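Asks: Pasting a structure below so you can have a look.
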Amino acid sequence: MALRQVVRFGVARRRSRRGMTVFVVLLVITMLGAVGVFAARSSQLGVSNAGRYREMTQTHYVAEAGMHATVSEFARDANQYLNQLRVTQSPSVVTGDIYPCQDIPFNGVVGFVPASTNCLRLGYGVVEKSARTRSGNAGLQVFVPKSSAVGNVSLPGSFGTANVAGNFAVEITDERTVDPPPAGMPVAGTGPGTSLVYKAVTVRATGQLIPTAADGTLLDPTNDAFKYSTSVEMIRAEVIVGPVAK
């Protein structure tokens with residue numbers, strides 16, 4: 001009788017250990033599965049963040065390109081553009097397809113009038129048209145789109161082989177006289193009693209990255225890819241030009 005009890009006790013202990021082993025194996029499998037899911041998720045987030053960083057960097061450079069291109073265009077004939085600025089007014093509310101300039105403080109308070117409502121807009125089309133005229137190349141493009149060669153092989157453009165296009169819009173506001181002239185600029189010929197001065201303007205450039213179809217055509221704004229892939233960046237600068245006519 002004693003021998004049978006010892007044998008039964010040993011069998012019971014082995015059965016209990018077998019149950020513990022199954023539990024440990026299931027626990028290890030669960031932990032490994034969780035680690036695998038976490039690693040896959042981290043990898044997916046890494047790829048997604050890399051794409052967003054690339055998009056952010058490209059948008060930044062589109063805005064900078066718009067700023068530099070507009071400043072260069074403005075400097076070519078500062079008197080002409082300043083005269084345009086003086087006669088171009090910004091609406092206080094959306095009028096047709098024209099939006100108020102963002103650097104003019106239209107706050108909606110009855111009786112409030114901003115110090116200046118003059119605002120000159122220069123966009124991608126204006127800059128590209130001017131560049132085509134100066135270069136004599138009617139097909140010149142500021143941002144070159146990707147294209148397809150023989151065999152549907154994509155040729156990279158300004159944004160590589162990604163299905164995106166760049167656009168920018170620039171607002172010029174707040175014309176003011178700079179006196180004395182900036183450091184390093186000649187004083188002779190400017191100041192009281194003369195016909196020349198240095199002028200400063202505020203320039204706001206808005207760069208935009210827009211998703212396109214595989215053939216380069218812009219997507220409809222109602223497309224989900226347009227809604228979630230479009231990125232915008234705004235930069236501001238004070239630009240001094242001159243000497244120009246008072």
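Simple scheme: letters A, B, ... for chains in structure tokens order, numbers from 1 for residues in each chain, numbers from 1 for ligands in the order shown.
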Using the chain letters and numbers from this document, which residues of region 20-246 of chain A does DSSP assign to helix (DSSP H, G or I), as a VMD selection string?
Replies: chain A and resid 20 to 76 78 to 87 124 to 135 224 to 229
Asks: Output as a Markdown table one row per residue of region 100-181 of chain A within 7 Å of region 59-81 of chain A: the closest atom pair and its distance in Å to one decimal place, counting only C-alpha atoms, sorted by chain and residue number ascending.
Replies:
```
| residue | atom | partner | partner_atom | distance |
| --- | --- | --- | --- | --- |
| A:Leu122 | CA | A:Thr70 | CA | 6.9 |
| A:Val127 | CA | A:Thr70 | CA | 6.8 |
| A:Gly166 | CA | A:Val62 | CA | 6.4 |
| A:Phe168 | CA | A:Gly66 | CA | 5.6 |
| A:Ala169 | CA | A:Gly66 | CA | 7.0 |
| A:Val170 | CA | A:Gly66 | CA | 7.0 |
```
Asks: Here is a test: counting only C-alpha atoms, which residue of A:Gln89, A:Asn83, A:Ser130, A:Thr217 is nearest to Pro114 (chain A)?
Replies: A:Gln89
Asks: Just how far from CA of Leu209 (chain A) is CA of Met234 (chain A), in Å to one decimal?
Replies: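 These two atoms are separated by 12.0 Å.
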Asks: Kindly indicate which residue among A:Leu219, A:Ala237, A:Val113, A:Met56 lies nearest to Ala165 (chain A), using only C-alpha atoms for the distances.
Replies: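 Comparing A:Leu219, A:Ala237, A:Val113, A:Met56 against Ala165 (chain A), the winner is A:Leu219.
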Asks: Go through A:Asn167, A:Asn118, A:Thr206, A:Asn137 one by one, measure the shortest atom-to-atom distance of each to Leu82 (chain A) using only C-alpha atoms, and give the residue with the smallest value.
Replies: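 For Leu82 (chain A), the nearest of the given residues is A:Asn118.
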Asks: So that I can check the surroundings of Glu55 (chain A), please list as a PyMOL selection string every protein, DNA and RNA residue that reaches within 12 Å of it, counting only C-alpha atoms and ignoring chain neighbours fewer than 2 positions away.
Replies: chain A and resi 48-53+57-62+159-160+162-166+207-211+228-233
Asks: For C-alpha atoms, I'd like the residues from the last selection saved as a compact mmCIF listing (two decimals), in the first residue's frame.
Replies:
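Now in part_38.txt:
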```
# COMPACT_ATOMS: atom_id res chain seq x y z
CA SER A 48 6.25 56.41 -42.05
CA ASN A 49 8.30 58.96 -40.09
CA ALA A 50 11.03 58.87 -42.74
CA GLY A 51 8.42 59.65 -45.38
CA ARG A 52 6.99 62.51 -43.31
CA TYR A 53 10.48 63.91 -42.70
CA THR A 57 12.14 68.81 -45.91
CA GLN A 58 10.86 69.07 -49.47
CA THR A 59 8.12 71.50 -48.41
CA HIS A 60 10.71 73.64 -46.60
CA TYR A 61 12.85 73.88 -49.71
CA VAL A 62 9.81 74.67 -51.87
CA PHE A 159 11.23 65.74 -56.35
CA GLY A 160 12.76 62.46 -57.44
CA ALA A 162 7.72 60.57 -55.99
CA ASN A 163 4.21 61.44 -57.15
CA VAL A 164 4.34 65.02 -55.83
CA ALA A 165 4.54 68.53 -57.25
CA GLY A 166 5.62 71.82 -55.71
CA GLY A 207 5.41 76.53 -49.94
CA GLN A 208 3.15 73.60 -50.70
CA LEU A 209 3.79 69.99 -51.64
CA ILE A 210 0.90 68.50 -53.60
CA PRO A 211 0.35 64.78 -54.36
CA TYR A 228 -3.72 63.69 -45.99
CA SER A 229 -0.53 64.08 -48.05
CA THR A 230 -0.53 67.80 -48.79
CA SER A 231 1.94 69.76 -46.66
CA VAL A 232 2.41 73.51 -46.22
CA GLU A 233 5.16 75.67 -44.72
```
Asks: I need the residue nearest Val203 (chain A) from this list: A:Arg132, A:Arg121, A:Arg86, A:Arg54. Use only C-alpha atoms for the distance.
Replies: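 Smallest separation from Val203 (chain A) among the options: A:Arg121.
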Asks: Given only C-alpha atoms as the basis, pick out the residue of A:Arg176, A:Lys146, A:Arg236, A:Lys246 nearest to Val197 (chain A).
Replies: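 Going through A:Arg176, A:Lys146, A:Arg236, A:Lys246 one by one, the smallest distance to Val197 (chain A) is for A:Lys246.
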Asks: Which distance in Å separates CA of Val178 (chain A) and CA of Pro100 (chain A), to one decimal?
Replies: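 CA of Pro100 (chain A) lies 26.3 Å from CA of Val178 (chain A).
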